[in-house]
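Enquirer: Got a structure for you, questions after.
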Number of protein chains: 2
Amino acid sequence: MVSYRQISDDLRALIESGEYGPRALLPSLSELTKRYGVARNTATQALKTLEQEGMIQVESGRWIVRPRPRPRRHGIDRYSRSRWSGDGQAILIAETARQGLTARQEIRELAEVPAPEPVAERLDVPVGTVVWVRRRTTFVGERPHQLADSYYPLDLVKGTRIRKENTGPGGGFARLEETGLRLGEIEEEISARMPTSREATALTLPAGTPVVDLVRTTYDTTGRPVEVMLAVLAADMSTFAYRFPIPD
Amino acid sequence: MVSYRQISDDLRALIESGEYGPRALLPSLSELTKRYGVARNTATQALKTLEQEGMIQVESGRWIVRPRPRPRRHGIDRYSRSRWSGDGQAILIAETARQGLTARQEIRELAEVPAPEPVAERLDVPVGTVVWVRRRTTFVGERPHQLADSYYPLDLVKGTRIRKENTGPGGGFARLEETGLRLGEIEEEISARMPTSREATALTLPAGTPVVDLVRTTYDTTGRPVEVMLAVLAADMSTFAYRFPIPD
DNA sequence: TAGTGGTCTAGACCACTAG
DNA sequence: TAGTGGTCTAGACCACTAT
């Protein structure tokens, strides 16, 4: 009896060896059933296995070797003050423009909400404290790139354009500094997991694509947390880079 | 006709609402086939879907809600010189010990090999230049935690204990500094993807668990790259944290 | 021993796409 | 229109686990 694992192992080897390059057409289901003498379901299972590994995908009704998009690199210089202070652009726009890409964002929600636990913890307020949230979906090219929700203490955004759809030149960072504070440090926490079904839909993720959870906390120079951003990104589009001196 | 999606949507909702908590037993296959009036394969497909989303798993022949392990936090202080210089411990051991866990590592290979592309690029040598590699599997508790391959320029490891199984107190960092250089900065690059089948086996990853790719480049104080580590970690066990001032 | 999940078969109908 | 993948059914055998 031929098992689906033998079939997926065979195909995987062919792909890894380069015999089937990116976008190469795989043998069709009926071809596989004939070649291995298995039922249709068994061949399907083999292909689904590789799909879940992120190795293949269906495109217009055919199985092809998945082309890996070059991930964009997110370095900490994307936060450089010179890029967003004054009449600079929002961070994402400036970052992608330097990489020859166009980006845009769509606001999903602007509202007062009780702080969820990870936010409350980092803003150093009790869970449930009312905060301002700005939920947006960002796009790089045509593909949705991240779901980013920024949370702010209410008193900081009162009367600012952070509460508006368009935050104006320099984006949220510039507006925060207009309230009189000065941004000091950023902490980023990164982890990865499989997307929820909602996220998979919203980010149009192919099967076998994880997401990166990014939690960004922005502090002013006194050490007060002034913004927490919870972002979910398609893992195949992003790399994060950090460079730092060896601590004492 | 009831589709597998309706079943997986129902179950997902029950799990997300907390109705089925961590480790809760899911309805059995035969229960699902009865309840929804579907064939066994259809019910199976529903469960497999949730498994791939990382929501459920099989344990001793039963489907249960997947308990999420608390990920360990990797902050940059794990590289603090005070922890590994002198007679300190290796970085991983020191880091986990502070979190109340035991860690160990197994050497998989010590060899001279041609530098693969990502390594050559970062060590600033031509692809194929012979370098020293130290491949190891690390364990936290009993579970394999990462596959880590450290690459060194040959001239730096000649005659050092980096070529031995046991690198001695302070590990590789301490040995590097004994050659007369002084470590300056570290760059870490992070991305996520689904594991290869080999990695899934080596790390005993449940289905629906991505891996984190970590590329760490260590520089001496003159800016020369002296080590490149390629590591693959189970994503459900790790969070990475960085804190840095906003660049100018 | 009874029940569980894992896997396979053989056949079927569907929607979609390319020629 | 022919071929492709997506999904479903009904039945089967297997290994493993708990009682």
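A note on labels: chains of the structure tokens are A, B, ... as shown, every chain counts residues from 1, and ligands are counted from 1 in their shown order.
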Excluding same-chain residues fewer than 5 positions from region 194-205 of chain A, what lies within 6 Å of it counting only C-alpha atoms (C1' of nucleotides), as a list in words?

Expert: Pro144, Pro210 and Val211 of chain A; Glu53 of chain B

Enquirer: Can you write out the residues you just picked, keeping N, CA and C atoms, as a short mmCIF file (atom, residue, chain, number, x, y, z; two decimals), in the first residue's frame?

Expert:
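Ended up saving to part_36.cif:
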data_model
loop_
_atom_site.label_atom_id
_atom_site.label_comp_id
_atom_site.auth_asym_id
_atom_site.auth_seq_id
_atom_site.Cartn_x
_atom_site.Cartn_y
_atom_site.Cartn_z
N PRO A 144 -2.33 42.85 1.31
CA PRO A 144 -2.38 43.31 2.70
C PRO A 144 -1.15 42.82 3.45
N PRO A 210 2.67 31.32 8.32
CA PRO A 210 2.48 31.79 9.69
C PRO A 210 2.37 33.31 9.72
N VAL A 211 2.04 33.81 10.88
CA VAL A 211 2.08 35.26 11.08
C VAL A 211 3.08 35.59 12.18
N GLU B 53 -4.21 24.94 12.31
CA GLU B 53 -4.27 26.30 12.83
C GLU B 53 -3.62 26.38 14.21
#

Enquirer: Mind running region 31-86 of chain B against region 4-14 of chain D at 8 Å and telling me each contacting residue's nearest atom pair with the distance in Å (one decimal), counting only C-alpha atoms (C1' of nucleotides), chain and number ascending, as JSON lines?

Expert:
{"residue": "B:Val38", "atom": "CA", "partner": "D:DT9", "partner_atom": "C1'", "distance": 8.0}
{"residue": "B:Ala39", "atom": "CA", "partner": "D:DT9", "partner_atom": "C1'", "distance": 6.0}
{"residue": "B:Thr42", "atom": "CA", "partner": "D:DC8", "partner_atom": "C1'", "distance": 7.0}

Enquirer: Using only C-alpha atoms, find the residues of chain A whose closest atom to chain B is at most 9 Å away, then write them as a PyMOL selection string.

Expert: chain A and resi 9+52-54+71+73+76-83+183-197+208-212+235-248

Enquirer: Would you save the residues of that selection, restricted to N, CA and C atoms, as a compact mmCIF listing (two decimals), in the first residue's frame?

Expert:
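The result, written out as again16.txt:
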# COMPACT_ATOMS: atom_id res chain seq x y z
N ASP A 9 6.78 12.82 0.29
CA ASP A 9 8.24 12.78 0.43
C ASP A 9 8.91 12.87 -0.93
N GLN A 52 0.56 22.66 3.49
CA GLN A 52 0.66 23.10 4.88
C GLN A 52 2.10 23.40 5.28
N GLU A 53 3.03 22.81 4.56
CA GLU A 53 4.44 23.10 4.84
C GLU A 53 4.89 24.36 4.12
N GLY A 54 3.96 24.95 3.37
CA GLY A 54 4.30 26.18 2.67
C GLY A 54 5.09 25.96 1.40
N PRO A 71 11.24 38.63 1.50
CA PRO A 71 10.70 39.39 2.63
C PRO A 71 11.32 40.78 2.71
N ARG A 73 12.80 43.86 4.81
CA ARG A 73 13.57 43.92 6.03
C ARG A 73 13.13 45.12 6.86
N ILE A 76 15.71 48.97 12.56
CA ILE A 76 15.23 49.99 13.50
C ILE A 76 15.38 51.40 12.95
N ASP A 77 16.14 51.54 11.85
CA ASP A 77 16.27 52.87 11.27
C ASP A 77 14.94 53.37 10.69
N ARG A 78 13.98 52.46 10.55
CA ARG A 78 12.69 52.93 10.07
C ARG A 78 12.03 53.89 11.06
N TYR A 79 12.55 53.88 12.28
CA TYR A 79 11.99 54.78 13.30
C TYR A 79 12.76 56.09 13.41
N SER A 80 13.75 56.28 12.56
CA SER A 80 14.59 57.48 12.68
C SER A 80 13.76 58.75 12.74
N ARG A 81 14.09 59.56 13.71
CA ARG A 81 13.35 60.80 13.92
C ARG A 81 13.38 61.68 12.68
N SER A 82 14.51 61.66 12.00
CA SER A 82 14.63 62.55 10.83
C SER A 82 13.61 62.21 9.75
N ARG A 83 13.12 60.99 9.78
CA ARG A 83 12.18 60.60 8.72
C ARG A 83 10.75 61.04 9.00
N LEU A 183 9.73 61.48 22.45
CA LEU A 183 9.85 60.03 22.39
C LEU A 183 11.29 59.61 22.69
N GLY A 184 11.42 58.57 23.49
CA GLY A 184 12.75 58.12 23.90
C GLY A 184 13.12 56.77 23.34
N GLU A 185 12.44 55.74 23.82
CA GLU A 185 12.82 54.39 23.42
C GLU A 185 11.64 53.61 22.88
N ILE A 186 12.00 52.56 22.16
CA ILE A 186 10.99 51.64 21.64
C ILE A 186 11.37 50.23 22.08
N GLU A 187 10.36 49.48 22.49
CA GLU A 187 10.60 48.05 22.74
C GLU A 187 9.78 47.26 21.74
N GLU A 188 10.41 46.27 21.13
CA GLU A 188 9.66 45.41 20.24
C GLU A 188 9.76 43.97 20.71
N GLU A 189 8.62 43.31 20.75
CA GLU A 189 8.57 41.91 21.14
C GLU A 189 7.99 41.12 19.98
N ILE A 190 8.67 40.06 19.60
CA ILE A 190 8.32 39.33 18.39
C ILE A 190 8.08 37.86 18.67
N SER A 191 6.99 37.35 18.14
CA SER A 191 6.77 35.92 18.19
C SER A 191 6.02 35.51 16.93
N ALA A 192 5.84 34.22 16.74
CA ALA A 192 5.18 33.74 15.53
C ALA A 192 4.20 32.65 15.89
N ARG A 193 3.17 32.53 15.07
CA ARG A 193 2.15 31.51 15.30
C ARG A 193 1.36 31.35 14.02
N MET A 194 0.48 30.38 13.98
CA MET A 194 -0.40 30.28 12.83
C MET A 194 -1.51 31.31 12.99
N PRO A 195 -1.99 31.81 11.87
CA PRO A 195 -3.04 32.84 11.93
C PRO A 195 -4.38 32.26 12.37
N THR A 196 -5.22 33.09 12.96
CA THR A 196 -6.61 32.68 13.13
C THR A 196 -7.24 32.71 11.73
N SER A 197 -8.41 32.14 11.62
CA SER A 197 -9.02 32.11 10.28
C SER A 197 -9.36 33.53 9.83
N GLY A 208 -0.32 27.41 5.10
CA GLY A 208 1.09 27.18 5.38
C GLY A 208 1.89 28.45 5.55
N THR A 209 1.21 29.56 5.81
CA THR A 209 1.91 30.82 6.05
C THR A 209 1.65 31.28 7.48
N PRO A 210 2.67 31.32 8.32
CA PRO A 210 2.48 31.79 9.69
C PRO A 210 2.37 33.31 9.72
N VAL A 211 2.04 33.81 10.88
CA VAL A 211 2.08 35.26 11.08
C VAL A 211 3.08 35.59 12.18
N VAL A 212 3.56 36.82 12.11
CA VAL A 212 4.43 37.33 13.15
C VAL A 212 3.60 38.26 14.01
N ALA A 235 4.13 36.33 7.71
CA ALA A 235 5.53 36.01 7.99
C ALA A 235 6.37 35.94 6.72
N ASP A 236 5.75 35.60 5.62
CA ASP A 236 6.57 35.43 4.41
C ASP A 236 6.95 36.77 3.78
N MET A 237 6.49 37.85 4.35
CA MET A 237 6.81 39.14 3.76
C MET A 237 7.74 39.97 4.65
N SER A 238 8.13 39.45 5.79
CA SER A 238 8.83 40.30 6.74
C SER A 238 10.01 39.63 7.44
N THR A 239 11.07 40.38 7.56
CA THR A 239 12.19 40.01 8.42
C THR A 239 12.45 41.20 9.33
N PHE A 240 12.79 40.92 10.58
CA PHE A 240 13.10 42.00 11.50
C PHE A 240 14.57 41.95 11.87
N ALA A 241 15.18 43.11 11.91
CA ALA A 241 16.62 43.16 12.18
C ALA A 241 16.92 44.14 13.31
N TYR A 242 17.82 43.73 14.18
CA TYR A 242 18.23 44.57 15.31
C TYR A 242 19.74 44.47 15.47
N ARG A 243 20.35 45.59 15.76
CA ARG A 243 21.79 45.55 16.01
C ARG A 243 22.05 46.31 17.30
N PHE A 244 22.83 45.71 18.17
CA PHE A 244 23.01 46.31 19.48
C PHE A 244 24.37 45.93 20.04
N PRO A 245 24.92 46.77 20.90
CA PRO A 245 26.18 46.42 21.54
C PRO A 245 25.96 45.33 22.57
N ILE A 246 26.98 44.54 22.81
CA ILE A 246 26.88 43.52 23.84
C ILE A 246 26.77 44.20 25.20
N PRO A 247 25.70 43.89 25.93
CA PRO A 247 25.52 44.58 27.23
C PRO A 247 26.58 44.13 28.23
N ASP A 248 26.77 44.97 29.23
CA ASP A 248 27.78 44.61 30.26
C ASP A 248 27.30 43.49 31.16

Enquirer: Choose the residue, out of B:Ser60, B:Thr160, B:Gln6, B:Thr138, that has the smallest atom-to-atom separation from DA18 (chain D); count only C-alpha atoms (C1' of nucleotides).

Expert: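 Closest to DA18 (chain D) of all the choices is B:Ser60.
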
Enquirer: DG19 (chain C): which residues within 12 Å, counting only C-alpha atoms (C1' of nucleotides), same-chain residues fewer than 5 positions away excluded, as an mmCIF file with C-alpha atoms (C1' of nucleotides), in the first residue's frame?

Expert:
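Produced file around.cif, reproduced below:
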data_model
loop_
_atom_site.group_PDB
_atom_site.id
_atom_site.type_symbol
_atom_site.label_atom_id
_atom_site.label_comp_id
_atom_site.auth_asym_id
_atom_site.auth_seq_id
_atom_site.Cartn_x
_atom_site.Cartn_y
_atom_site.Cartn_z
ATOM 1 C "C1'" DT D 1 -15.329 20.417 -23.809
ATOM 2 C "C1'" DA D 2 -11.836 18.224 -21.297
ATOM 3 C "C1'" DG D 3 -9.113 18.543 -17.467
#

Enquirer: Using only C-alpha atoms (C1' of nucleotides), find the residues of chain A whose closest atom to chain D is at most 9 Å away, then write them as a PDB file with C-alpha atoms, in the first residue's frame.

Expert:
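Output (out-v9.pdb):
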ATOM      1  CA  SER A  28      -1.968  16.584 -11.520  1.00  0.00           C
ATOM      2  CA  LEU A  29      -4.125  14.592  -9.140  1.00  0.00           C
ATOM      3  CA  SER A  30      -5.096  12.098 -11.806  1.00  0.00           C
ATOM      4  CA  THR A  44      -4.912  14.922  -2.369  1.00  0.00           C
ATOM      5  CA  VAL A  58      -2.900  26.223  -5.974  1.00  0.00           C
ATOM      6  CA  GLY A  61      -6.671  25.462 -10.580  1.00  0.00           C
ATOM      7  CA  ARG A  62      -3.173  24.023 -10.747  1.00  0.00           C
ATOM      8  CA  TRP A  63      -0.697  22.977  -8.099  1.00  0.00           C
TER       9      TRP A  63
END

Enquirer: What are the closest atom pairs, with distances in Å to one decimal, for all residues of chain C lying within 10 Å of chain B? Consider only C-alpha atoms (C1' of nucleotides), order rows by chain and residue number, and present the result as a Markdown table.

Expert:
| residue | atom | partner | partner_atom | distance |
| --- | --- | --- | --- | --- |
| C:DG3 | C1' | B:Ser30 | CA | 9.5 |
| C:DT4 | C1' | B:Gly61 | CA | 5.7 |
| C:DG5 | C1' | B:Gly61 | CA | 5.8 |
| C:DG6 | C1' | B:Thr44 | CA | 9.5 |
| C:DT7 | C1' | B:Asn41 | CA | 9.9 |

Enquirer: Restricting the output to N, CA and C atoms (P, O5', C5', C4', C3', O3' and C1' of nucleotides), write the selected residues as a compact mmCIF listing (two decimals), in the first residue's frame.

Expert:
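Saved the output as selection.txt:
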# COMPACT_ATOMS: atom_id res chain seq x y z
P DG C 3 -18.08 0.79 22.47
O5' DG C 3 -16.98 1.94 22.28
C5' DG C 3 -16.45 2.58 23.43
C4' DG C 3 -15.26 3.41 23.00
C3' DG C 3 -15.54 4.22 21.73
O3' DG C 3 -15.24 5.59 21.98
C1' DG C 3 -13.50 3.03 21.56
P DT C 4 -15.33 6.66 20.81
O5' DT C 4 -13.81 6.91 20.47
C5' DT C 4 -12.92 7.34 21.51
C4' DT C 4 -11.56 7.55 20.90
C3' DT C 4 -11.64 8.24 19.55
O3' DT C 4 -11.18 9.57 19.62
C1' DT C 4 -10.26 6.31 19.45
P DG C 5 -11.44 10.42 18.27
O5' DG C 5 -10.08 10.13 17.49
C5' DG C 5 -8.85 10.58 18.06
C4' DG C 5 -7.69 10.03 17.26
C3' DG C 5 -7.54 10.64 15.87
O3' DG C 5 -6.15 10.79 15.60
C1' DG C 5 -7.77 8.31 15.69
P DG C 6 -5.67 11.21 14.15
O5' DG C 6 -5.37 9.79 13.47
C5' DG C 6 -4.19 9.09 13.81
C4' DG C 6 -3.67 8.34 12.60
C3' DG C 6 -3.66 9.17 11.31
O3' DG C 6 -2.49 8.83 10.58
C1' DG C 6 -5.06 7.30 11.03
P DT C 7 -2.20 9.54 9.20
O5' DT C 7 -2.88 8.55 8.18
C5' DT C 7 -2.40 7.21 8.12
C4' DT C 7 -3.26 6.42 7.21
C3' DT C 7 -3.41 6.99 5.79
O3' DT C 7 -2.61 6.19 4.95
C1' DT C 7 -5.42 6.01 6.64

Enquirer: Which residues in region 2-172 of chain A does DSSP call helix (DSSP H, G or I)? List them as a VMD selection string.

Expert: chain A and resid 4 to 16 29 to 36 40 to 52 76 to 79 81 to 84 91 to 98 117 to 123 154 to 157 161 to 163 171 to 172

Enquirer: CA of Asp10 (chain A) and CA of Val65 (chain A), how far apart in Å?

Expert: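 Between CA of Val65 (chain A) and CA of Asp10 (chain A) the gap works out to 13.8 Å.
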
Enquirer: Write out as a list in words each polymer residue whose atoms come within 10 Å of Ala120 (chain A), counting only C-alpha atoms (C1' of nucleotides); drop sequence neighbours fewer than 4 positions from it.

Expert: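 Final neighbour list, sorted by chain and number: Pro114, Ala115, Pro116, Asp124, Val125, Pro126, Val127, Gly128, Thr129, Val130, Val131, Tyr151, Pro153 and Val228 of chain A.
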